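Asker: The following file, final_6.pdb, comprises PDB, C-alpha atoms (C1' of nucleotides):
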MODEL        1
ATOM      1  CA  MET A  20       0.000   0.000   0.000
ATOM      2  CA  LYS A  21       1.384   3.344  -1.031
ATOM      3  CA  PRO A  22      -0.182   6.133   1.029
ATOM      4  CA  SER A  23      -0.001   9.036  -1.433
ATOM      5  CA  LEU A  24      -1.776  11.249   1.072
ATOM      6  CA  HIS A  25      -0.601  14.500  -0.365
ATOM      7  CA  LEU A  26      -2.477  16.690   2.031
ATOM      8  CA  GLU A  27      -2.091  14.658   5.173
ATOM      9  CA  SER A  28       0.217  15.279   8.100
ATOM     10  CA  GLU A  29       3.350  13.302   8.842
ATOM     11  CA  ASP A  30       1.420  11.488  11.542
ATOM     12  CA  CYS A  31      -1.115  10.213   9.068
ATOM     13  CA  ARG A  32       1.677   9.029   6.814
ATOM     14  CA  ALA A  33       3.146   7.120   9.726
ATOM     15  CA  VAL A  34      -0.144   5.513  10.619
ATOM     16  CA  SER A  35      -0.871   4.524   7.039
ATOM     17  CA  ASP A  36       2.619   3.179   6.762
ATOM     18  CA  VAL A  37       2.263   0.873   9.746
ATOM     19  CA  LEU A  38      -1.267  -0.109   8.845
ATOM     20  CA  GLY A  39      -0.123  -0.876   5.345
ATOM     21  CA  ARG A  40       2.367  -3.343   6.690
ATOM     22  CA  VAL A  41       0.182  -4.833   9.374
ATOM     23  CA  GLY A  42      -2.829  -5.016   7.098
ATOM     24  CA  ASP A  43      -1.220  -6.935   4.298
ATOM     25  CA  LYS A  44      -2.111 -10.478   3.577
ATOM     26  CA  TRP A  45       0.352 -12.440   5.685
ATOM     27  CA  THR A  46       2.213 -10.149   8.077
ATOM     28  CA  VAL A  47      -0.033 -10.608  11.078
ATOM     29  CA  LEU A  48       0.006 -14.363  10.763
ATOM     30  CA  VAL A  49       3.785 -14.441  10.467
ATOM     31  CA  VAL A  50       4.230 -12.191  13.480
ATOM     32  CA  GLY A  51       1.694 -14.265  15.381
ATOM     33  CA  TYR A  52       3.562 -17.495  14.843
ATOM     34  CA  LEU A  53       6.950 -15.935  15.508
ATOM     35  CA  SER A  54       5.687 -14.700  18.846
ATOM     36  CA  GLU A  55       5.797 -18.322  19.997
ATOM     37  CA  GLY A  56       9.546 -18.228  19.543
ATOM     38  CA  PRO A  57      12.210 -18.306  16.823
ATOM     39  CA  MET A  58      11.348 -20.462  13.875
ATOM     40  CA  ARG A  59      12.915 -21.749  10.687
ATOM     41  CA  PHE A  60      11.682 -20.813   7.241
ATOM     42  CA  THR A  61      10.079 -24.110   6.370
ATOM     43  CA  GLU A  62       8.493 -24.644   9.752
ATOM     44  CA  LEU A  63       6.954 -21.196   9.544
ATOM     45  CA  ARG A  64       5.667 -21.999   6.094
ATOM     46  CA  ARG A  65       4.191 -25.309   7.171
ATOM     47  CA  ARG A  66       2.517 -23.801  10.227
ATOM     48  CA  ILE A  67       0.943 -20.966   8.287
ATOM     49  CA  GLY A  68      -0.291 -23.233   5.540
ATOM     50  CA  GLY A  69      -1.348 -21.792   2.211
ATOM     51  CA  ILE A  70       1.431 -19.250   1.826
ATOM     52  CA  SER A  71       3.756 -19.580  -1.131
ATOM     53  CA  GLN A  72       7.447 -19.528  -0.418
ATOM     54  CA  LYS A  73       7.748 -16.389  -2.457
ATOM     55  CA  MET A  74       5.232 -14.531  -0.321
ATOM     56  CA  LEU A  75       6.780 -15.804   2.884
ATOM     57  CA  THR A  76      10.160 -14.523   1.729
ATOM     58  CA  THR A  77       8.699 -11.178   0.735
ATOM     59  CA  THR A  78       6.811 -10.806   3.990
ATOM     60  CA  LEU A  79       9.819 -11.727   6.105
ATOM     61  CA  ARG A  80      12.080  -9.335   4.191
ATOM     62  CA  GLY A  81       9.625  -6.521   4.765
ATOM     63  CA  LEU A  82       9.407  -7.278   8.451
ATOM     64  CA  GLU A  83      13.177  -7.476   8.670
ATOM     65  CA  ARG A  84      13.581  -4.182   6.860
ATOM     66  CA  ASP A  85      11.215  -2.434   9.238
ATOM     67  CA  GLY A  86      13.038  -3.865  12.257
ATOM     68  CA  PHE A  87      10.305  -6.226  13.445
ATOM     69  CA  VAL A  88      12.136  -9.462  12.752
ATOM     70  CA  THR A  89      15.731 -10.702  12.790
ATOM     71  CA  ARG A  90      17.135 -13.153  10.302
ATOM     72  CA  THR A  91      19.905 -15.448  11.520
ATOM     73  CA  VAL A  92      21.788 -17.622   9.060
ATOM     74  CA  PHE A  93      23.620 -20.725  10.274
ATOM     75  CA  PRO A  94      26.314 -21.476   7.688
ATOM     76  CA  SER A  95      25.715 -25.195   7.639
ATOM     77  CA  ILE A  96      24.770 -27.659   4.946
ATOM     78  CA  PRO A  97      21.911 -27.802   4.480
ATOM     79  CA  PRO A  98      21.512 -24.137   5.403
ATOM     80  CA  ARG A  99      19.435 -23.114   8.345
ATOM     81  CA  VAL A 100      17.820 -19.715   8.866
ATOM     82  CA  ASP A 101      16.021 -18.701  12.011
ATOM     83  CA  TYR A 102      13.552 -15.887  12.185
ATOM     84  CA  ALA A 103      12.662 -14.193  15.456
ATOM     85  CA  LEU A 104      10.810 -11.130  16.640
ATOM     86  CA  THR A 105      12.828  -8.128  17.756
ATOM     87  CA  PRO A 106      11.786  -6.104  20.819
ATOM     88  CA  LEU A 107      10.109  -3.728  18.391
ATOM     89  CA  GLY A 108       8.234  -6.657  16.908
ATOM     90  CA  GLU A 109       7.134  -7.787  20.354
ATOM     91  CA  GLU A 110       5.895  -4.296  21.140
ATOM     92  CA  LEU A 111       3.972  -4.166  17.908
ATOM     93  CA  ARG A 112       2.090  -7.234  18.974
ATOM     94  CA  ILE A 113       0.434  -5.383  21.855
ATOM     95  CA  PRO A 114      -1.761  -3.042  19.811
ATOM     96  CA  VAL A 115      -2.129  -5.647  17.092
ATOM     97  CA  ASN A 116      -3.338  -8.188  19.611
ATOM     98  CA  ALA A 117      -5.765  -5.632  20.987
ATOM     99  CA  LEU A 118      -7.186  -5.227  17.524
ATOM    100  CA  GLY A 119      -7.224  -9.000  17.174
ATOM    101  CA  GLU A 120      -9.150  -9.357  20.413
ATOM    102  CA  TRP A 121     -11.631  -6.799  19.247
ATOM    103  CA  ALA A 122     -12.004  -8.679  15.975
ATOM    104  CA  ARG A 123     -12.622 -11.973  17.770
ATOM    105  CA  HIS A 124     -15.243 -10.412  20.011
ATOM    106  CA  ASN A 125     -17.092  -8.618  17.233
ATOM    107  CA  ILE A 126     -16.693 -10.801  14.187
ATOM    108  CA  THR A 127     -20.201 -12.178  14.479
ATOM    109  CA  ARG A 128     -21.638  -8.682  14.514
ATOM    110  CA  ILE A 129     -19.749  -7.982  11.316
ATOM    111  CA  TYR A 130     -20.896 -11.171   9.653
ATOM    112  CA  GLU A 131     -24.478 -10.468  10.646
ATOM    113  CA  ALA A 132     -24.236  -6.983   9.197
ATOM    114  CA  ARG A 133     -22.898  -8.452   5.971
ATOM    115  CA  GLN A 134     -25.720 -10.911   5.740
ATOM    116  CA  ARG A 135     -28.307  -8.179   6.231
ATOM    117  CA  PHE A 136     -26.612  -5.956   3.671
ATOM    118  CA  ASP A 137     -26.330  -8.696   1.076
ATOM    119  CA  GLN A 138     -29.969  -9.660   1.456
ATOM    120  CA  ASN A 139     -31.119  -6.102   0.854
ATOM    121  CA  VAL A 140     -28.925  -5.615  -2.178
ATOM    122  CA  LEU A 141     -29.061  -8.909  -4.032
TER     123      LEU A 141
ATOM    124  CA  MET B  19      -7.819  -9.217   0.923
ATOM    125  CA  LYS B  20      -9.086 -12.765   0.776
ATOM    126  CA  PRO B  21      -7.748 -14.836   3.675
ATOM    127  CA  SER B  22      -7.757 -18.325   2.145
ATOM    128  CA  LEU B  23      -6.286 -19.703   5.335
ATOM    129  CA  HIS B  24      -7.358 -23.275   4.830
ATOM    130  CA  LEU B  25      -5.677 -24.609   7.914
ATOM    131  CA  GLU B  26      -6.233 -21.699  10.236
ATOM    132  CA  SER B  27      -8.737 -21.373  13.014
ATOM    133  CA  GLU B  28     -11.860 -19.296  12.710
ATOM    134  CA  ASP B  29     -10.254 -16.755  15.002
ATOM    135  CA  CYS B  30      -7.353 -16.173  12.660
ATOM    136  CA  ARG B  31      -9.756 -15.766   9.782
ATOM    137  CA  ALA B  32     -11.664 -13.180  11.778
ATOM    138  CA  VAL B  33      -8.535 -11.232  12.616
ATOM    139  CA  SER B  34      -7.309 -11.260   9.039
ATOM    140  CA  ASP B  35     -10.744 -10.245   7.909
ATOM    141  CA  VAL B  36     -10.865  -7.171  10.108
ATOM    142  CA  LEU B  37      -7.246  -6.283   9.437
ATOM    143  CA  GLY B  38      -7.867  -6.612   5.736
ATOM    144  CA  ARG B  39     -10.576  -4.022   5.944
ATOM    145  CA  VAL B  40      -8.770  -1.702   8.313
ATOM    146  CA  GLY B  41      -5.502  -1.997   6.444
ATOM    147  CA  ASP B  42      -6.786  -1.020   3.031
ATOM    148  CA  LYS B  43      -5.866   2.224   1.442
ATOM    149  CA  TRP B  44      -8.593   4.565   2.625
ATOM    150  CA  THR B  45     -10.708   2.948   5.330
ATOM    151  CA  VAL B  46      -8.878   4.359   8.322
ATOM    152  CA  LEU B  47      -8.955   7.868   6.938
ATOM    153  CA  VAL B  48     -12.661   7.650   6.156
ATOM    154  CA  VAL B  49     -13.468   6.327   9.617
ATOM    155  CA  GLY B  50     -11.256   8.988  11.134
ATOM    156  CA  TYR B  51     -13.082  11.827   9.448
ATOM    157  CA  LEU B  52     -16.506  10.341  10.114
ATOM    158  CA  SER B  53     -15.677  10.171  13.801
ATOM    159  CA  GLU B  54     -16.024  13.958  13.832
ATOM    160  CA  GLY B  55     -19.679  13.532  12.958
ATOM    161  CA  PRO B  56     -21.969  12.686  10.021
ATOM    162  CA  MET B  57     -20.736  13.962   6.717
ATOM    163  CA  ARG B  58     -21.878  14.200   3.122
ATOM    164  CA  PHE B  59     -20.182  12.408   0.265
ATOM    165  CA  THR B  60     -18.544  15.418  -1.309
ATOM    166  CA  GLU B  61     -17.441  16.971   1.940
ATOM    167  CA  LEU B  62     -15.815  13.701   2.927
ATOM    168  CA  ARG B  63     -14.084  13.563  -0.407
ATOM    169  CA  ARG B  64     -12.838  17.131  -0.155
ATOM    170  CA  ARG B  65     -11.574  16.653   3.396
ATOM    171  CA  ILE B  66      -9.707  13.475   2.593
ATOM    172  CA  GLY B  67      -8.145  14.946  -0.500
ATOM    173  CA  GLY B  68      -6.642  12.675  -3.111
ATOM    174  CA  ILE B  69      -9.293   9.972  -3.106
ATOM    175  CA  SER B  70     -11.206   9.314  -6.308
ATOM    176  CA  GLN B  71     -14.981   9.199  -6.084
ATOM    177  CA  LYS B  72     -14.890   5.608  -7.155
ATOM    178  CA  MET B  73     -12.663   4.597  -4.268
ATOM    179  CA  LEU B  74     -14.650   6.661  -1.798
ATOM    180  CA  THR B  75     -17.820   4.926  -2.965
ATOM    181  CA  THR B  76     -16.164   1.522  -2.769
ATOM    182  CA  THR B  77     -14.737   2.192   0.681
ATOM    183  CA  LEU B  78     -18.030   3.489   2.037
ATOM    184  CA  ARG B  79     -19.953   0.535   0.597
ATOM    185  CA  GLY B  80     -17.559  -1.856   2.261
ATOM    186  CA  LEU B  81     -17.858  -0.089   5.580
ATOM    187  CA  GLU B  82     -21.617  -0.040   5.246
ATOM    188  CA  ARG B  83     -21.720  -3.724   4.428
ATOM    189  CA  ASP B  84     -19.689  -4.592   7.496
ATOM    190  CA  GLY B  85     -21.919  -2.476   9.718
ATOM    191  CA  PHE B  86     -19.391   0.259  10.513
ATOM    192  CA  VAL B  87     -21.178   3.062   8.701
ATOM    193  CA  THR B  88     -24.758   4.064   7.936
ATOM    194  CA  ARG B  89     -25.860   5.647   4.683
ATOM    195  CA  THR B  90     -28.811   8.020   4.861
ATOM    196  CA  VAL B  91     -30.397   9.302   1.675
ATOM    197  CA  PHE B  92     -32.438  12.505   1.721
ATOM    198  CA  PRO B  93     -34.812  12.344  -1.255
ATOM    199  CA  SER B  94     -34.251  15.926  -2.345
ATOM    200  CA  ILE B  95     -33.034  17.548  -5.523
ATOM    201  CA  PRO B  96     -30.116  17.696  -5.664
ATOM    202  CA  PRO B  97     -29.786  14.489  -3.671
ATOM    203  CA  ARG B  98     -28.069  14.464  -0.335
ATOM    204  CA  VAL B  99     -26.479  11.475   1.338
ATOM    205  CA  ASP B 100     -25.098  11.486   4.848
ATOM    206  CA  TYR B 101     -22.626   8.971   6.154
ATOM    207  CA  ALA B 102     -22.139   8.337   9.846
ATOM    208  CA  LEU B 103     -20.396   5.856  12.076
ATOM    209  CA  THR B 104     -22.492   3.188  13.763
ATOM    210  CA  PRO B 105     -21.810   2.196  17.377
ATOM    211  CA  LEU B 106     -19.792  -0.695  15.963
ATOM    212  CA  GLY B 107     -17.787   1.787  13.931
ATOM    213  CA  GLU B 108     -17.143   3.906  17.003
ATOM    214  CA  GLU B 109     -15.968   0.867  18.917
ATOM    215  CA  LEU B 110     -13.638  -0.110  16.129
ATOM    216  CA  ARG B 111     -11.888   3.208  16.469
ATOM    217  CA  ILE B 112     -10.619   2.339  19.934
ATOM    218  CA  PRO B 113      -8.201  -0.442  18.977
ATOM    219  CA  VAL B 114      -7.456   1.262  15.667
ATOM    220  CA  ASN B 115      -6.519   4.457  17.458
ATOM    221  CA  ALA B 116      -4.336   2.480  19.819
ATOM    222  CA  LEU B 117      -2.476   1.081  16.847
ATOM    223  CA  GLY B 118      -2.285   4.574  15.408
ATOM    224  CA  GLU B 119      -0.788   5.897  18.619
ATOM    225  CA  TRP B 120       1.765   3.120  18.620
ATOM    226  CA  ALA B 121       2.639   3.971  15.014
ATOM    227  CA  ARG B 122       3.133   7.632  15.847
ATOM    228  CA  HIS B 123       5.376   6.813  18.778
ATOM    229  CA  ASN B 124       7.517   4.277  16.963
ATOM    230  CA  ILE B 125       7.643   5.458  13.377
ATOM    231  CA  THR B 126      11.153   6.850  13.744
ATOM    232  CA  ARG B 127      12.401   3.504  14.990
ATOM    233  CA  ILE B 128      10.931   1.906  11.902
ATOM    234  CA  TYR B 129      12.442   4.458   9.562
ATOM    235  CA  GLU B 130      15.829   4.041  11.229
ATOM    236  CA  ALA B 131      15.613   0.285  10.810
ATOM    237  CA  ARG B 132      14.787   0.761   7.148
ATOM    238  CA  GLN B 133      17.741   3.012   6.633
ATOM    239  CA  ARG B 134      20.102   0.503   8.248
ATOM    240  CA  PHE B 135      18.647  -2.332   6.212
ATOM    241  CA  ASP B 136      18.854  -0.458   2.922
ATOM    242  CA  GLN B 137      22.453   0.526   3.535
ATOM    243  CA  ASN B 138      23.474  -3.076   4.145
ATOM    244  CA  VAL B 139      21.676  -4.405   1.113
ATOM    245  CA  LEU B 140      22.209  -1.764  -1.583
TER     246      LEU B 140
ATOM    247  C1'  DC C  21     -24.943  16.069  -5.818
ATOM    248  C1'  DA C  22     -23.979  11.368  -5.583
ATOM    249  C1'  DG C  23     -22.697   7.925  -7.904
ATOM    250  C1'  DG C  24     -22.762   4.021 -11.923
ATOM    251  C1'  DA C  25     -20.115   2.198 -16.078
ATOM    252  C1'  DT C  26     -16.074   1.562 -18.504
ATOM    253  C1'  DC C  27     -11.298   1.437 -19.721
ATOM    254  C1'  DC C  28      -6.601   0.947 -18.660
ATOM    255  C1'  DG C  29      -1.880   0.759 -16.495
ATOM    256  C1'  DG C  30       0.476  -0.808 -12.436
ATOM    257  C1'  DT C  31       0.887  -3.856  -8.682
ATOM    258  C1'  DT C  32       0.308  -8.258  -6.540
ATOM    259  C1'  DA C  33       0.272 -13.009  -5.675
ATOM    260  C1'  DG C  34       0.540 -17.780  -7.105
ATOM    261  C1'  DA C  35       2.724 -21.529  -9.822
ATOM    262  C1'  DT C  36       6.686 -23.318 -11.654
ATOM    263  C1'  DA C  37      11.491 -24.145 -12.424
ATOM    264  C1'  DC C  38      16.051 -23.665 -10.909
ATOM    265  C1'  DT C  39      20.346 -23.023  -7.443
ATOM    266  C1'  DG C  40      24.154 -22.693  -3.613
TER     267       DG C  40
ATOM    268  C1'  DC D  30      16.935 -26.106   3.147
ATOM    269  C1'  DA D  31      16.154 -21.656   1.848
ATOM    270  C1'  DG D  32      15.785 -19.212  -1.195
ATOM    271  C1'  DT D  33      15.969 -16.556  -6.500
ATOM    272  C1'  DA D  34      14.021 -15.897 -11.197
ATOM    273  C1'  DT D  35      10.396 -15.779 -14.308
ATOM    274  C1'  DC D  36       5.842 -15.882 -16.106
ATOM    275  C1'  DT D  37       1.060 -15.016 -15.794
ATOM    276  C1'  DA D  38      -3.666 -14.201 -13.972
ATOM    277  C1'  DA D  39      -6.140 -11.471 -10.905
ATOM    278  C1'  DC D  40      -6.916  -7.437  -8.639
ATOM    279  C1'  DC D  41      -6.643  -2.578  -7.560
ATOM    280  C1'  DG D  42      -6.935   2.114  -8.078
ATOM    281  C1'  DG D  43      -7.237   6.237 -11.033
ATOM    282  C1'  DA D  44      -9.244   8.815 -14.960
ATOM    283  C1'  DT D  45     -12.981   9.688 -17.754
ATOM    284  C1'  DC D  46     -17.669   9.844 -19.245
ATOM    285  C1'  DC D  47     -22.430   9.572 -18.207
ATOM    286  C1'  DT D  48     -27.070   9.935 -15.389
ATOM    287  C1'  DG D  49     -31.318  10.556 -12.039
TER     288       DG D  49
ENDMDL
END
Step by step, read the file and then write its structure as C-alpha cells.
Answerer:
Amino acid sequence: MKPSLHLESEDCRAVSDVLGRVGDKWTVLVVGYLSEGPMRFTELRRRIGGISQKMLTTTLRGLERDGFVTRTVFPSIPPRVDYALTPLGEELRIPVNALGEWARHNITRIYEARQRFDQNVL
Amino acid sequence: MKPSLHLESEDCRAVSDVLGRVGDKWTVLVVGYLSEGPMRFTELRRRIGGISQKMLTTTLRGLERDGFVTRTVFPSIPPRVDYALTPLGEELRIPVNALGEWARHNITRIYEARQRFDQNVL
DNA sequence: CAGGATCCGGTTAGATACTG
DNA sequence: CAGTATCTAACCGGATCCTG
C-alpha cells in the first residue's frame, strides 16, 4: 500500500505506513507465529499453511527491513535460517493483539451486518 | 484481501478479515473523518483529498456492508447522502486508534531500521 | 450532488522451475 | 533447506464519461 496522502500530516503518513504493513495479507500471521519463539523458514511456512514460499520470503524481508524481525543464518549444509521477533516486533504485537481481540469479540456482529446488507442488495 | 487460510482457526480468519478491511488504502482515513460527525459524500471527499470518487464509494460501501457506517439518503433535488459511524464503527476506532498511537510513537524507529537495512543491502 | 459504467496501467500473488 | 528468477492471472486504483 502506497499512502499518497498528499495533504495529510506526517502522523497520518506514519499511521498509514504501519497499517499498510500490518494489514497486508500475511504479516499478522507471520508475526503471530513468531511470537511463539524463533522459527525456521520451512516450519513457519508449514505452520501458516497456504502461503507460497515467495510470499513468505517477501513478507519476512519486509518485516526485517522495518526492524520487526531478525534473520539469523547458520552457515551449515543444508543451510538453516532462524527468524525471530525483535523487541520492536514484540511491542507491535500489543496493539495488534488488541485489535485482534476486538475482531474476535465482534466478528459475528460484522458477519451479521454483511448478511443483512447482502440480502437487501441482491 | 481474501484470507484463504485453509488450515487456520476461525479466530485467525476473523482477525485477518478485520485487518484486511482496516488496512486497506482509505478505510482508516474515512473512519477517522466520520468520527467527527456525520458527513456528506462530497465533503468527505474534499476533506480526505486525493481519493477518487470511485474509491470513496467503494470504501463506504464496504464499511456499510460490514456495519461500521450508515448511509442516509435525503430524497431531495439535488440528492443528499449522509454517512455516519455506527456504534460498531465507534468501537472499532478504539483499537485502531491504539495502533495509530503506537505507530506515531515508533515510526522513527521503523524508519531508522529501514535506513540501516537499505544501507546493508544496496 | 452522488454515484454508476467503462477502460486501462500498475501492482500483486501464485505456480513453476532452478540453485548454492 | 532456503531461497531466487520468471511468467502469468487477478486485482486494484485512477481517470474519464455519463445519469437521475
Asker: Could you check the closest approach to chain D for each of B:Val36, B:Cys30, B:Val49, B:Ile95 and tell me which residue wins, using only C-alpha atoms (C1' of nucleotides)?
Answerer: B:Ile95
Asker: Please check the contacts: residues of chain B at most 8 Å away from chain C, using only C-alpha atoms (C1' of nucleotides), listed as a PyMOL selection string.
Answerer: chain B and resi 59-60+75+96-99
Asker: Tell me which of D:DT48, D:DA31, D:DT37, D:DG43 sits closest to chain B, counting all atoms listed in the file.
Answerer: D:DG43
Asker: I need the residue set behind the PyMOL selection byres ((chain B) within 8 of (chain A)) for this file; please write it as a ChimeraX atom specification.
Answerer: /B:19-26,29-30,32-34,36-43,66-68,82-85,110,113-114,116-118,120-122,125,127-129,131-132,135-136
Asker: Least-squares superpose chain B onto chain A - every C-alpha atom, paired in order - and show me the moved coordinates as a CSV table (one decimal) with C-alpha atoms, in the frame of the given file.
Answerer:
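And here is the file that came out, part-v5.csv:
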chain,number,residue,atom,x,y,z
B,19,MET,CA,0.2,-0.1,0.1
B,20,LYS,CA,1.6,3.3,-1.0
B,21,PRO,CA,0.0,6.1,1.0
B,22,SER,CA,0.3,9.0,-1.4
B,23,LEU,CA,-1.5,11.2,1.0
B,24,HIS,CA,-0.3,14.5,-0.4
B,25,LEU,CA,-2.3,16.7,1.9
B,26,GLU,CA,-2.1,14.6,5.1
B,27,SER,CA,0.0,15.1,8.1
B,28,GLU,CA,3.1,13.0,8.8
B,29,ASP,CA,1.1,11.3,11.5
B,30,CYS,CA,-1.5,10.0,9.1
B,31,ARG,CA,1.2,8.8,6.8
B,32,ALA,CA,2.8,6.9,9.7
B,33,VAL,CA,-0.4,5.3,10.7
B,34,SER,CA,-1.2,4.2,7.1
B,35,ASP,CA,2.3,3.0,6.8
B,36,VAL,CA,2.1,0.7,9.7
B,37,LEU,CA,-1.5,-0.4,8.9
B,38,GLY,CA,-0.4,-1.2,5.4
B,39,ARG,CA,2.2,-3.5,6.7
B,40,VAL,CA,0.0,-5.1,9.4
B,41,GLY,CA,-3.0,-5.4,7.1
B,42,ASP,CA,-1.3,-7.3,4.3
B,43,LYS,CA,-2.1,-10.9,3.6
B,44,TRP,CA,0.4,-12.7,5.8
B,45,THR,CA,2.2,-10.4,8.1
B,46,VAL,CA,0.0,-10.9,11.1
B,47,LEU,CA,0.1,-14.6,10.9
B,48,VAL,CA,3.9,-14.6,10.5
B,49,VAL,CA,4.3,-12.4,13.5
B,50,GLY,CA,1.9,-14.5,15.5
B,51,TYR,CA,3.8,-17.7,14.9
B,52,LEU,CA,7.2,-16.0,15.5
B,53,SER,CA,5.9,-14.8,18.9
B,54,GLU,CA,6.1,-18.4,20.1
B,55,GLY,CA,9.9,-18.2,19.6
B,56,PRO,CA,12.5,-18.2,16.8
B,57,MET,CA,11.7,-20.4,13.9
B,58,ARG,CA,13.2,-21.7,10.7
B,59,PHE,CA,12.0,-20.8,7.3
B,60,THR,CA,10.4,-24.2,6.4
B,61,GLU,CA,8.9,-24.7,9.8
B,62,LEU,CA,7.3,-21.3,9.6
B,63,ARG,CA,6.0,-22.2,6.2
B,64,ARG,CA,4.6,-25.5,7.3
B,65,ARG,CA,2.9,-24.1,10.4
B,66,ILE,CA,1.3,-21.3,8.5
B,67,GLY,CA,0.0,-23.6,5.7
B,68,GLY,CA,-1.1,-22.2,2.4
B,69,ILE,CA,1.7,-19.6,2.0
B,70,SER,CA,4.0,-19.9,-1.0
B,71,GLN,CA,7.7,-19.7,-0.3
B,72,LYS,CA,7.8,-16.5,-2.4
B,73,MET,CA,5.3,-14.7,-0.3
B,74,LEU,CA,6.9,-16.0,2.9
B,75,THR,CA,10.2,-14.6,1.7
B,76,THR,CA,8.7,-11.3,0.7
B,77,THR,CA,6.8,-11.0,4.0
B,78,LEU,CA,9.9,-11.8,6.1
B,79,ARG,CA,12.0,-9.4,4.1
B,80,GLY,CA,9.5,-6.6,4.7
B,81,LEU,CA,9.4,-7.4,8.4
B,82,GLU,CA,13.1,-7.5,8.6
B,83,ARG,CA,13.4,-4.2,6.7
B,84,ASP,CA,11.1,-2.5,9.1
B,85,GLY,CA,12.9,-3.8,12.1
B,86,PHE,CA,10.3,-6.2,13.4
B,87,VAL,CA,12.2,-9.4,12.7
B,88,THR,CA,15.8,-10.6,12.7
B,89,ARG,CA,17.2,-13.0,10.2
B,90,THR,CA,20.1,-15.2,11.5
B,91,VAL,CA,22.0,-17.4,9.0
B,92,PHE,CA,23.9,-20.4,10.2
B,93,PRO,CA,26.7,-21.1,7.7
B,94,SER,CA,26.1,-24.8,7.6
B,95,ILE,CA,25.3,-27.3,4.9
B,96,PRO,CA,22.4,-27.5,4.4
B,97,PRO,CA,21.9,-23.9,5.4
B,98,ARG,CA,19.8,-22.9,8.3
B,99,VAL,CA,18.1,-19.6,8.8
B,100,ASP,CA,16.3,-18.6,12.0
B,101,TYR,CA,13.8,-15.8,12.2
B,102,ALA,CA,12.8,-14.1,15.4
B,103,LEU,CA,10.9,-11.1,16.6
B,104,THR,CA,12.8,-8.1,17.7
B,105,PRO,CA,11.7,-6.1,20.7
B,106,LEU,CA,10.0,-3.7,18.3
B,107,GLY,CA,8.2,-6.7,16.8
B,108,GLU,CA,7.1,-7.9,20.3
B,109,GLU,CA,5.8,-4.4,21.1
B,110,LEU,CA,3.9,-4.3,17.9
B,111,ARG,CA,2.0,-7.4,18.9
B,112,ILE,CA,0.3,-5.6,21.8
B,113,PRO,CA,-1.9,-3.2,19.8
B,114,VAL,CA,-2.3,-5.8,17.0
B,115,ASN,CA,-3.5,-8.3,19.5
B,116,ALA,CA,-5.9,-5.8,20.9
B,117,LEU,CA,-7.3,-5.3,17.5
B,118,GLY,CA,-7.4,-9.1,17.1
B,119,GLU,CA,-9.4,-9.4,20.3
B,120,TRP,CA,-11.8,-6.8,19.2
B,121,ALA,CA,-12.3,-8.7,15.9
B,122,ARG,CA,-13.0,-11.9,17.7
B,123,HIS,CA,-15.5,-10.3,20.0
B,124,ASN,CA,-17.3,-8.4,17.2
B,125,ILE,CA,-17.1,-10.6,14.2
B,126,THR,CA,-20.6,-11.9,14.5
B,127,ARG,CA,-21.9,-8.3,14.5
B,128,ILE,CA,-20.0,-7.7,11.3
B,129,TYR,CA,-21.3,-10.8,9.6
B,130,GLU,CA,-24.9,-10.0,10.7
B,131,ALA,CA,-24.5,-6.5,9.2
B,132,ARG,CA,-23.2,-8.0,6.0
B,133,GLN,CA,-26.2,-10.3,5.8
B,134,ARG,CA,-28.6,-7.5,6.3
B,135,PHE,CA,-26.9,-5.3,3.7
B,136,ASP,CA,-26.7,-8.1,1.1
B,137,GLN,CA,-30.4,-8.9,1.5
B,138,ASN,CA,-31.4,-5.3,0.9
B,139,VAL,CA,-29.2,-4.9,-2.1
B,140,LEU,CA,-29.4,-8.2,-4.0
Asker: With 8 Å on each side, where is the centre of the axis-aligned box around all listed atoms of range 58-69 of chain B, and how long are its edges in Å to one decimal, as AutoDock Vina command-line options?
Answerer:
--center_x -14.3 --center_y 13.6 --center_z 0.1 --size_x 31.2 --size_y 23.2 --size_z 22.5
Asker: Which residues fall under the PyMOL selection byres ((chain D) within 12 of (chain A)) in this file, as a list in words?
Answerer: DC30, DA31, DG32, DT33, DA34, DC41 and DG42 of chain D
Asker: Please, what distance in Å, to one decimal, runs between CA of Ala103 in chain A and CA of Asn138 in chain B?
Answerer: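 About the pair CA of Ala103 in chain A and CA of Asn138 in chain B: they are 19.2 Å apart.
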Asker: Have a look at C1' of DC47 in chain D and CA of Leu62 in chain B and let me know their distance in Å, one decimal.
Answerer: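 Spanning C1' of DC47 in chain D to CA of Leu62 in chain B is a straight-line distance of 22.5 Å.
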Asker: If I take CA of Pro105 in chain B and CA of Val87 in chain B, how far is one from the other in Å, to one decimal?
Answerer: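 Separation between CA of Pro105 in chain B and CA of Val87 in chain B: 8.7 Å.
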